[in-house]
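Engineer: Take this structure first; my questions come after.
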Amino acid sequence: MQTFAGSKPFGLELVENVGAWAEKGIREAESGPGILFEEVPLPYDEENNTFILPQSIHTRDWTGELSAADDGYSLYGERDVYWQRKQDAIREGHAFSLWLVNGESYIEYKLVVSGMPVISIDTESKGQIQDTDERGVVRIFNPDVGSDRYEIHQSYMTCRIKGGTSRALEKKGYALKLYDYQWKKADIPLLGMRSDNNWKLNALYTDDTRIREKTAAQIWQAFSAADKDLRQDGPRLEYAELIINEEYLGIYCLVEPVDAEKLNLDKNDILYKVVGWKVPTENDFTVAVANSAPTAAAIRINHPGVISDYAAVWHPMQDYNERFYLNPDLDYEEALATVNTANLSDVFMFLMVTSASDNHYKNMYFAAEVARDGEYVMKQIPWDLDYTFGNVFYGESPNLVRFLEDYSCIYADSTLPRLKFANPEEIGTAFLARWHQHRESFLKTEEILRLLKENQRYLAETGAVVRENQRWQEFPVNMDISGLLQYQEERMRWLDAYFTEWADY
C-alpha cells in the first residue's frame with residue numbers, strides 16, 4: 001500500500017469546490033457506482049451519504065488509494081486543510097467532500113476517516129438481521145490493530161442476532177460465521193486475534209462509557225497470562241465500527257470465541273456454557289440424558305460436538321453442581337480433588353475486582369478436564385462482561401442498567417468460599433498469597449485505572465465516539481469517567497482490607 005502526504009491524499013486529484021463541475025456544465029446525479037479502497041468496496045452509510053475509511057492514528061501519512069468502482073468515472077476530492085491534519089480529522093470526525101465524475105454528471109459524497117477498524121456486512125436480503133442465519137459478505141478494514149500493516153479481509157459469512165435479555169435493546173448484538181467461496185468453514189485471524197470462523201459482535205449498549213467490557217476482558221487476560229499453565233484463557237475483544245446493509249450501527253467489540261481449542265481441551269474433556277441463573281436439579285440432568293439433549297436448564301454442552309454417551313458427558317457438571325451448589329454438606333477432600341484452587345482463586349479475585357454482578361454461575365464457562373478413569377477437574381472461565389465496574393441490571397432503565405455506587409458489594413461465585421469454610425487455614429492462606437502476588441503486578445490500582453483511561457482515550461482519538469453519539473443520541477457515550485475511576489480506586493482499597501479479613505476469618 002502506498003502512503004500519501006501533501007497534495008494527493010489517497011491518490012486523489014483535489015479541486016477547489018463543487019463549482020468546478022457546474023462551470024463545465026456537468027449536472028448533479030442522484031446515484032453513482034460507489035468508491036473502492038484498494039479495489040475493495042468502501043463501507044458506506046446511506047443515511048448520511050458518507051463513506052467511512054479506517055486509517056492508523058499512529059502515523060502521519062494517509063495509507064492506500066481510493067478509486068471509482070466504475071472505470072467510466074473519475075474520483076476527486078475537495079481542497080481542505082484537514083488533509084494536512086490527519087489526527088485532527090480522525091478525532092473530530094471531519095467530513096471531506098468527494099465527487100465521482102463522468103463526462104455528463106457528478107455525484108457528491110462525504111468521507112470520514114476512522115482510527116478504528118470498520119466491519120461492513122452486506123446480506124443477500126439487504127434487510128434487518130433476524131434470529132436465523134442470513135448469508136452475505138463481510139469486509140473488515142483494519143488499519144493497525146494487532147498488525148504492523150493495513151489488513152483488509154473479505155469473505156462470505158452468515159449473520160444473526162445474538163444475546164438473551166440484550167436482544168430487546170434497539171442496538172443488537174450479532175453472531176458471525178466466516179466461509180470461503182465454496183461455503184466451507186474458513187478459520188481466519190481478525191484484528192490480531194486467533195484464527196476462527198465463529199465470532200461475536202457485542203453492542204456495548206448497557207454501558208454508557210463503552211469501556212467496561214473491554215477492560216474487564218483485558219484484566220482476565222492478565223490473569224491468564226500470569227499463570228499460563230492453568231489454561232484459563234478467556235474471550236479477547238477488539239473495538240470496531242459496524243455497518244450492516246449500508247446502515248451505520250456504531251461502536252462494537254469483536255469477540256474471539258472461547259472453545260476447546262482455546263482452552264487446550266482434548267476429546268475426553270468437556271466444555272459447558274452457563275447462560276442463566278437456574279442451577280439444574282437432578283431431574284433436569286436425568287431428562288437431558290434420557291432425551292440425548294445437549295442442554296439442561298441453563299447449561300449447554302459446547303464440547304464435544306459429537307456425543308455418544310450423554311450420561312458420561314453430563315456427569316462432571318451434574319456432580320459439580322450437586323457438590324457445590326445443591327448439597328449443604330461438603331466433603332473437603334473429595335471436593336478439592338474436583339477443582340483447581342488457583343483457578344477458583346483467580347475467578348474469585350476477578351469477579352470482585354471488576355464488580356462482575358452478572359457472572360456468578362451465570363455467564364461462566366465450566367471446563368472439565370476428564371481423566372481416563374472418569375475423574376475430572378473443573379475450571380471456570382468468565383464471559384459476557386458488560387455488567388462490571390459498578391453497573392448492575394436494572395429493568396426499569398431503557399438500557400437495562402444502573403450504576404451502583406456502593407463499592408463494598410460482594411460479587412462472587414460460591415465455590416471457593418465453600419472450600420474455604422471447610423478448611424479456612426489452607427484455602428485462606430493460599431488465596432491471600434496469590435492476591436498479594438497479583439496485586440503487585442497487573443492488579444495494581446494504577447494499572448486498572450490506566451486500562452480504563454486508555455480505552456476511553458482510544459474511543460476519542462479514533463473519532464468513533466462522534467459517530468456513536470450521532471447514531472445513538474438517546475444514549476450517548478459518557479466521557480466523564482471520574483466517578484468510575486473514584487469508584488474503582490475506593491473498591492481496590494476496600495478489597496485489600498476485605499480479602500485480608502476474609503482469609504483470616
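Residues in the C-alpha cells are named by chain (A, B, ... in the order shown) and by number from 1 within that chain; ligands are numbered from 1 in the order shown.
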List as CSV every residue of stretch 233-341 of chain A that is in contact with stretch 446-462 of chain A, defined as an atom at most 12 Å from one of its atoms (using only C-alpha atoms), together with the nearest atom pair and the distance in Å rounded to one decimal, sorted by chain and then rising number.
Structural biologist:
residue,atom,partner,partner_atom,distance
A:Leu237,CA,A:Asn455,CA,11.7
A:Glu238,CA,A:Asn455,CA,10.5
A:Tyr239,CA,A:Leu459,CA,8.7
A:Ala240,CA,A:Leu459,CA,10.0
A:Glu241,CA,A:Thr462,CA,10.3
A:Gly250,CA,A:Leu459,CA,11.4
A:Ile251,CA,A:Leu459,CA,8.8
A:Tyr252,CA,A:Leu459,CA,11.0
A:Cys253,CA,A:Leu459,CA,11.8
Engineer: Keeping only all heavy atoms, take the residues you just selected and write them out as a PDB file, in the first residue's frame.
Structural biologist:
ATOM      1  N   LEU A 237     -11.296  -9.176  23.165  1.00  0.00           N
ATOM      2  CA  LEU A 237     -12.183  -8.234  22.496  1.00  0.00           C
ATOM      3  C   LEU A 237     -11.371  -7.140  21.823  1.00  0.00           C
ATOM      4  O   LEU A 237     -10.361  -6.686  22.367  1.00  0.00           O
ATOM      5  CB  LEU A 237     -13.143  -7.565  23.500  1.00  0.00           C
ATOM      6  CG  LEU A 237     -14.345  -8.345  24.032  1.00  0.00           C
ATOM      7  CD1 LEU A 237     -13.920  -9.486  24.926  1.00  0.00           C
ATOM      8  CD2 LEU A 237     -15.280  -7.404  24.799  1.00  0.00           C
ATOM      9  N   GLU A 238     -11.825  -6.716  20.641  1.00  0.00           N
ATOM     10  CA  GLU A 238     -11.240  -5.561  19.963  1.00  0.00           C
ATOM     11  C   GLU A 238     -12.370  -4.688  19.433  1.00  0.00           C
ATOM     12  O   GLU A 238     -13.367  -5.176  18.909  1.00  0.00           O
ATOM     13  CB  GLU A 238     -10.325  -5.991  18.815  1.00  0.00           C
ATOM     14  CG  GLU A 238      -9.055  -6.714  19.246  1.00  0.00           C
ATOM     15  CD  GLU A 238      -8.067  -5.827  20.013  1.00  0.00           C
ATOM     16  OE1 GLU A 238      -8.271  -4.603  20.057  1.00  0.00           O
ATOM     17  OE2 GLU A 238      -7.093  -6.379  20.557  1.00  0.00           O
ATOM     18  N   TYR A 239     -12.190  -3.372  19.572  1.00  0.00           N
ATOM     19  CA  TYR A 239     -13.189  -2.421  19.091  1.00  0.00           C
ATOM     20  C   TYR A 239     -13.255  -2.409  17.559  1.00  0.00           C
ATOM     21  O   TYR A 239     -12.245  -2.583  16.877  1.00  0.00           O
ATOM     22  CB  TYR A 239     -12.838  -1.013  19.566  1.00  0.00           C
ATOM     23  CG  TYR A 239     -13.111  -0.737  21.028  1.00  0.00           C
ATOM     24  CD1 TYR A 239     -12.074  -0.415  21.897  1.00  0.00           C
ATOM     25  CD2 TYR A 239     -14.411  -0.768  21.526  1.00  0.00           C
ATOM     26  CE1 TYR A 239     -12.313  -0.139  23.234  1.00  0.00           C
ATOM     27  CE2 TYR A 239     -14.657  -0.494  22.863  1.00  0.00           C
ATOM     28  CZ  TYR A 239     -13.613  -0.177  23.706  1.00  0.00           C
ATOM     29  OH  TYR A 239     -13.861   0.098  25.033  1.00  0.00           O
ATOM     30  N   ALA A 240     -14.459  -2.152  17.048  1.00  0.00           N
ATOM     31  CA  ALA A 240     -14.657  -1.930  15.615  1.00  0.00           C
ATOM     32  C   ALA A 240     -15.969  -1.172  15.434  1.00  0.00           C
ATOM     33  O   ALA A 240     -16.890  -1.292  16.251  1.00  0.00           O
ATOM     34  CB  ALA A 240     -14.704  -3.247  14.843  1.00  0.00           C
ATOM     35  N   GLU A 241     -16.047  -0.390  14.374  1.00  0.00           N
ATOM     36  CA  GLU A 241     -17.314   0.225  13.996  1.00  0.00           C
ATOM     37  C   GLU A 241     -18.015  -0.693  13.011  1.00  0.00           C
ATOM     38  O   GLU A 241     -17.377  -1.323  12.169  1.00  0.00           O
ATOM     39  CB  GLU A 241     -17.081   1.609  13.389  1.00  0.00           C
ATOM     40  CG  GLU A 241     -16.515   2.602  14.395  1.00  0.00           C
ATOM     41  CD  GLU A 241     -16.341   3.993  13.819  1.00  0.00           C
ATOM     42  OE1 GLU A 241     -17.352   4.722  13.720  1.00  0.00           O
ATOM     43  OE2 GLU A 241     -15.204   4.350  13.468  1.00  0.00           O
ATOM     44  N   GLY A 250     -22.621   1.817  14.759  1.00  0.00           N
ATOM     45  CA  GLY A 250     -21.860   2.342  15.876  1.00  0.00           C
ATOM     46  C   GLY A 250     -20.706   1.468  16.329  1.00  0.00           C
ATOM     47  O   GLY A 250     -20.205   0.608  15.601  1.00  0.00           O
ATOM     48  N   ILE A 251     -20.296   1.708  17.583  1.00  0.00           N
ATOM     49  CA  ILE A 251     -19.136   1.034  18.177  1.00  0.00           C
ATOM     50  C   ILE A 251     -19.548  -0.334  18.703  1.00  0.00           C
ATOM     51  O   ILE A 251     -20.519  -0.462  19.449  1.00  0.00           O
ATOM     52  CB  ILE A 251     -18.544   1.869  19.327  1.00  0.00           C
ATOM     53  CG1 ILE A 251     -18.078   3.236  18.819  1.00  0.00           C
ATOM     54  CG2 ILE A 251     -17.392   1.127  19.998  1.00  0.00           C
ATOM     55  CD1 ILE A 251     -17.690   4.200  19.923  1.00  0.00           C
ATOM     56  N   TYR A 252     -18.778  -1.348  18.320  1.00  0.00           N
ATOM     57  CA  TYR A 252     -18.976  -2.719  18.805  1.00  0.00           C
ATOM     58  C   TYR A 252     -17.646  -3.269  19.286  1.00  0.00           C
ATOM     59  O   TYR A 252     -16.593  -2.652  19.075  1.00  0.00           O
ATOM     60  CB  TYR A 252     -19.500  -3.620  17.676  1.00  0.00           C
ATOM     61  CG  TYR A 252     -20.990  -3.511  17.437  1.00  0.00           C
ATOM     62  CD1 TYR A 252     -21.540  -2.365  16.869  1.00  0.00           C
ATOM     63  CD2 TYR A 252     -21.844  -4.544  17.780  1.00  0.00           C
ATOM     64  CE1 TYR A 252     -22.915  -2.251  16.642  1.00  0.00           C
ATOM     65  CE2 TYR A 252     -23.222  -4.446  17.562  1.00  0.00           C
ATOM     66  CZ  TYR A 252     -23.743  -3.305  17.000  1.00  0.00           C
ATOM     67  OH  TYR A 252     -25.101  -3.200  16.797  1.00  0.00           O
ATOM     68  N   CYS A 253     -17.701  -4.421  19.920  1.00  0.00           N
ATOM     69  CA  CYS A 253     -16.496  -5.201  20.191  1.00  0.00           C
ATOM     70  C   CYS A 253     -16.595  -6.527  19.448  1.00  0.00           C
ATOM     71  O   CYS A 253     -17.602  -7.246  19.587  1.00  0.00           O
ATOM     72  CB  CYS A 253     -16.311  -5.469  21.684  1.00  0.00           C
ATOM     73  SG  CYS A 253     -15.298  -4.213  22.518  1.00  0.00           S
TER      74      CYS A 253
END
Engineer: Using DSSP on the backbone coordinates, identify all residues within stretch 270-396 of chain A classified as helix (DSSP H, G or I); present the result as a CSV table (one decimal) with N, CA and C atoms, in the first residue's frame.
Structural biologist:
chain,number,residue,atom,x,y,z
A,282,GLU,N,-31.3,-32.5,39.9
A,282,GLU,CA,-31.0,-33.9,39.4
A,282,GLU,C,-32.0,-34.3,38.3
A,283,ASN,N,-33.3,-33.9,38.4
A,283,ASN,CA,-34.2,-34.3,37.4
A,283,ASN,C,-33.9,-33.6,36.0
A,284,ASP,N,-33.4,-32.4,36.1
A,284,ASP,CA,-33.0,-31.7,34.8
A,284,ASP,C,-32.0,-32.5,34.1
A,285,PHE,N,-31.0,-33.0,34.8
A,285,PHE,CA,-29.9,-33.8,34.2
A,285,PHE,C,-30.5,-35.2,33.7
A,286,THR,N,-31.4,-35.8,34.5
A,286,THR,CA,-32.0,-37.1,34.1
A,286,THR,C,-32.7,-36.9,32.8
A,287,VAL,N,-33.5,-35.9,32.7
A,287,VAL,CA,-34.3,-35.6,31.5
A,287,VAL,C,-33.3,-35.4,30.3
A,288,ALA,N,-32.2,-34.6,30.5
A,288,ALA,CA,-31.3,-34.3,29.4
A,288,ALA,C,-30.7,-35.6,28.9
A,289,VAL,N,-30.3,-36.5,29.8
A,289,VAL,CA,-29.6,-37.8,29.4
A,289,VAL,C,-30.7,-38.6,28.7
A,290,ALA,N,-31.9,-38.7,29.2
A,290,ALA,CA,-32.9,-39.6,28.6
A,290,ALA,C,-33.3,-39.1,27.2
A,310,TYR,N,-24.3,-39.6,26.6
A,310,TYR,CA,-24.8,-38.3,27.3
A,310,TYR,C,-24.6,-38.4,28.8
A,311,ALA,N,-24.8,-39.6,29.3
A,311,ALA,CA,-24.7,-39.8,30.8
A,311,ALA,C,-23.2,-39.4,31.2
A,312,ALA,N,-22.2,-39.9,30.4
A,312,ALA,CA,-20.8,-39.7,30.8
A,312,ALA,C,-20.5,-38.2,30.6
A,313,VAL,N,-21.0,-37.6,29.5
A,313,VAL,CA,-20.7,-36.2,29.3
A,313,VAL,C,-21.4,-35.2,30.3
A,314,TRP,N,-22.6,-35.6,30.7
A,314,TRP,CA,-23.2,-34.7,31.7
A,314,TRP,C,-22.7,-35.0,33.2
A,315,HIS,N,-22.1,-36.1,33.4
A,315,HIS,CA,-21.7,-36.5,34.8
A,315,HIS,C,-20.9,-35.4,35.5
A,316,PRO,N,-19.8,-34.9,34.9
A,316,PRO,CA,-18.9,-34.0,35.7
A,316,PRO,C,-19.7,-32.7,36.1
A,317,MET,N,-20.6,-32.2,35.3
A,317,MET,CA,-21.3,-31.0,35.6
A,317,MET,C,-22.4,-31.3,36.7
A,318,GLN,N,-23.0,-32.5,36.5
A,318,GLN,CA,-24.0,-32.9,37.5
A,318,GLN,C,-23.4,-33.1,38.9
A,319,ASP,N,-22.3,-33.7,38.9
A,319,ASP,CA,-21.6,-34.0,40.1
A,319,ASP,C,-21.1,-32.7,40.8
A,320,TYR,N,-20.6,-31.8,40.0
A,320,TYR,CA,-20.1,-30.5,40.4
A,320,TYR,C,-21.2,-29.6,41.0
A,321,ASN,N,-22.3,-29.6,40.3
A,321,ASN,CA,-23.5,-28.8,40.7
A,321,ASN,C,-24.0,-29.4,42.1
A,322,GLU,N,-24.1,-30.7,42.2
A,322,GLU,CA,-24.6,-31.3,43.4
A,322,GLU,C,-23.7,-31.0,44.6
A,323,ARG,N,-22.4,-31.1,44.3
A,323,ARG,CA,-21.4,-30.9,45.3
A,323,ARG,C,-21.3,-29.4,45.9
A,324,PHE,N,-21.3,-28.5,44.9
A,324,PHE,CA,-21.0,-27.1,45.3
A,324,PHE,C,-22.3,-26.2,45.4
A,325,TYR,N,-23.4,-26.5,44.8
A,325,TYR,CA,-24.5,-25.6,44.7
A,325,TYR,C,-25.8,-26.2,45.4
A,326,LEU,N,-25.9,-27.5,45.5
A,326,LEU,CA,-27.1,-28.1,46.0
A,326,LEU,C,-27.0,-28.8,47.3
A,332,TYR,N,-14.5,-31.9,52.1
A,332,TYR,CA,-13.4,-31.1,51.7
A,332,TYR,C,-12.5,-31.8,50.7
A,333,GLU,N,-12.0,-33.0,51.2
A,333,GLU,CA,-11.0,-33.7,50.4
A,333,GLU,C,-11.6,-34.2,49.0
A,334,GLU,N,-12.8,-34.7,49.0
A,334,GLU,CA,-13.4,-35.1,47.8
A,334,GLU,C,-13.6,-33.9,46.9
A,335,ALA,N,-14.1,-32.8,47.4
A,335,ALA,CA,-14.3,-31.5,46.6
A,335,ALA,C,-13.0,-31.0,46.1
A,336,LEU,N,-12.0,-31.0,46.9
A,336,LEU,CA,-10.7,-30.5,46.5
A,336,LEU,C,-10.2,-31.2,45.3
A,341,THR,N,-7.7,-25.0,42.6
A,341,THR,CA,-7.9,-23.9,43.6
A,341,THR,C,-7.2,-22.6,43.1
A,342,ALA,N,-6.2,-22.7,42.3
A,342,ALA,CA,-5.6,-21.5,41.7
A,342,ALA,C,-6.6,-20.8,40.7
A,343,ASN,N,-7.3,-21.6,39.9
A,343,ASN,CA,-8.3,-21.1,39.0
A,343,ASN,C,-9.4,-20.4,39.8
A,344,LEU,N,-9.9,-21.1,40.8
A,344,LEU,CA,-11.0,-20.6,41.6
A,344,LEU,C,-10.6,-19.3,42.3
A,345,SER,N,-9.4,-19.2,42.8
A,345,SER,CA,-8.9,-18.0,43.4
A,345,SER,C,-8.9,-16.9,42.4
A,346,ASP,N,-8.4,-17.1,41.2
A,346,ASP,CA,-8.4,-16.1,40.2
A,346,ASP,C,-9.8,-15.6,39.8
A,347,VAL,N,-10.7,-16.6,39.7
A,347,VAL,CA,-12.1,-16.2,39.4
A,347,VAL,C,-12.7,-15.4,40.5
A,348,PHE,N,-12.5,-15.8,41.8
A,348,PHE,CA,-13.0,-15.0,42.9
A,348,PHE,C,-12.4,-13.6,42.9
A,349,MET,N,-11.1,-13.5,42.7
A,349,MET,CA,-10.5,-12.1,42.7
A,349,MET,C,-11.1,-11.3,41.5
A,350,PHE,N,-11.1,-11.9,40.3
A,350,PHE,CA,-11.6,-11.2,39.1
A,350,PHE,C,-13.0,-10.7,39.3
A,351,LEU,N,-13.9,-11.5,39.8
A,351,LEU,CA,-15.3,-11.1,40.0
A,351,LEU,C,-15.4,-9.9,41.0
A,352,MET,N,-14.5,-10.0,42.0
A,352,MET,CA,-14.6,-8.9,43.0
A,352,MET,C,-13.9,-7.6,42.5
A,353,VAL,N,-12.8,-7.8,41.8
A,353,VAL,CA,-12.0,-6.6,41.3
A,353,VAL,C,-12.8,-5.9,40.3
Engineer: Within 9 Å of stretch 213-225 of chain A, counting only C-alpha atoms, which residues show up once you throw out same-chain ones fewer than 2 positions away? Write them as a ChimeraX atom specification, please.
Structural biologist: /A:204,207,210-211,227-239,253,346-347,350,354,356,381-389,438,442-443,448,451-452,455
Engineer: Rank A:Ala168, A:Leu485, A:Gly25, A:Thr281 by their smallest atom-to-atom distance to A:Thr206, using only C-alpha atoms, and report the top residue only.
Structural biologist: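 Smallest distance to A:Thr206 is found for A:Ala168.
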Engineer: Skipping near chain neighbours, those fewer than 4 positions away, what residues fall within 12 Å of A:Asp266 using only C-alpha atoms, listed as a tab-separated table (two decimals) with N, CA, C and O atoms, in the first residue's frame?
Structural biologist:
chain	number	residue	atom	x	y	z
A	259	ASP	N	-13.46	-21.68	23.31
A	259	ASP	CA	-13.83	-23.03	22.88
A	259	ASP	C	-12.75	-24.02	23.31
A	259	ASP	O	-11.80	-23.67	24.03
A	260	ALA	N	-12.91	-25.26	22.88
A	260	ALA	CA	-11.99	-26.32	23.28
A	260	ALA	C	-10.57	-26.03	22.83
A	260	ALA	O	-9.60	-26.33	23.53
A	261	GLU	N	-10.43	-25.45	21.64
A	261	GLU	CA	-9.10	-25.14	21.13
A	261	GLU	C	-8.41	-24.11	22.01
A	261	GLU	O	-7.24	-24.25	22.37
A	262	LYS	N	-9.12	-23.05	22.36
A	262	LYS	CA	-8.53	-22.00	23.19
A	262	LYS	C	-8.08	-22.54	24.54
A	262	LYS	O	-7.04	-22.14	25.07
A	270	ILE	N	-14.64	-31.78	28.52
A	270	ILE	CA	-15.98	-31.26	28.25
A	270	ILE	C	-16.02	-29.77	28.58
A	270	ILE	O	-15.45	-29.33	29.59
A	271	LEU	N	-16.68	-29.01	27.73
A	271	LEU	CA	-16.84	-27.58	27.95
A	271	LEU	C	-18.34	-27.27	28.04
A	271	LEU	O	-19.10	-27.53	27.10
A	303	HIS	N	-18.64	-28.64	23.99
A	303	HIS	CA	-17.63	-29.60	23.54
A	303	HIS	C	-17.76	-30.85	24.41
A	303	HIS	O	-17.92	-30.72	25.63
A	304	PRO	N	-17.78	-32.04	23.79
A	304	PRO	CA	-17.54	-32.34	22.38
A	304	PRO	C	-18.76	-32.06	21.51
A	304	PRO	O	-19.90	-32.00	22.01
A	305	GLY	N	-18.52	-31.92	20.21
A	305	GLY	CA	-19.61	-31.65	19.29
A	305	GLY	C	-20.44	-32.89	19.01
A	305	GLY	O	-21.66	-32.80	18.82
A	367	ALA	N	-15.09	-25.81	32.38
A	367	ALA	CA	-14.28	-26.73	31.58
A	367	ALA	C	-13.85	-27.90	32.45
A	367	ALA	O	-13.12	-27.72	33.44
A	368	ALA	N	-14.31	-29.09	32.09
A	368	ALA	CA	-13.98	-30.30	32.85
A	368	ALA	C	-12.87	-31.05	32.12
A	368	ALA	O	-13.08	-31.53	31.00
A	369	GLU	N	-11.71	-31.14	32.75
A	369	GLU	CA	-10.62	-31.95	32.21
A	369	GLU	C	-10.80	-33.36	32.79
A	369	GLU	O	-10.66	-33.57	34.00
A	370	VAL	N	-11.10	-34.31	31.92
A	370	VAL	CA	-11.53	-35.64	32.34
A	370	VAL	C	-10.41	-36.66	32.10
A	370	VAL	O	-9.88	-36.75	30.99
A	371	ALA	N	-10.07	-37.39	33.15
A	371	ALA	CA	-9.05	-38.43	33.04
A	371	ALA	C	-9.66	-39.71	32.48
A	371	ALA	O	-10.89	-39.85	32.36
A	372	ARG	N	-8.81	-40.67	32.14
A	372	ARG	CA	-9.30	-41.92	31.56
A	372	ARG	C	-10.20	-42.70	32.51
A	372	ARG	O	-11.09	-43.43	32.07
Engineer: Choose the residue, out of A:Thr295, A:Gln380, A:Gln128, A:Thr500, that has the smallest atom-to-atom separation from A:Glu247; count only C-alpha atoms.
Structural biologist: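 Nearest candidate to A:Glu247 out of A:Thr295, A:Gln380, A:Gln128, A:Thr500: A:Gln128.
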Engineer: Could you check which of A:Ile410, A:Ile129, A:Ala22, A:Val145 is closest to A:Ile107, using only C-alpha atoms?
Structural biologist: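 Between A:Ile410, A:Ile129, A:Ala22, A:Val145, the residue approaching A:Ile107 most closely is A:Ala22.
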Engineer: In Å, rounded to a single decimal, give me how far atom CA of A:Arg79 is from atom CA of A:Leu242.
Structural biologist: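 Between atom CA of A:Leu242 and atom CA of A:Arg79 the gap works out to 28.7 Å.
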Engineer: Quick one: distance from atom CA of A:Arg91 to atom CA of A:Gly463 in Å, one decimal?
Structural biologist: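 Calculated distance between atom CA of A:Arg91 and atom CA of A:Gly463 is 4.1 Å.
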Engineer: List as number ranges by chain the protein and nucleic acid residues near stretch 28-39 of chain A, meaning an atom at most 10 Å away when only C-alpha atoms are counted, but skip any in the same chain fewer than 2 places from it.
Structural biologist: A: 1-2, 10, 18, 21-22, 25-26, 41-44, 51, 53, 63-73, 75, 98-101, 104-109, 141, 152
Engineer: Between A:Val392, A:Glu440, A:Asp269, A:Asp504, which residue has the minimum interatomic distance to A:Glu426, considering only C-alpha atoms?
Structural biologist: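 Ranked by minimum distance to A:Glu426, first place goes to A:Asp504.
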Engineer: Run DSSP on the backbone and give me the residues of stretch 184-410 of chain A it puts in strand (DSSP E), as a PyMOL selection string.
Structural biologist: chain A and resi 188-189+195-196+198-202+237-244+247-255+270-274+295-296+299-303+364-370+376-382+391-393+401-403
Engineer: Pick out the closest residue to A:Leu404 from this set: A:Leu432, A:Ile427, A:Leu484, A:Ile299. Count only C-alpha atoms.
Structural biologist: A:Leu484
Engineer: What's the separation between atom CA of A:Ile307 and atom CA of A:Asp187, in Å to one decimal place?
Structural biologist: 23.5 Å
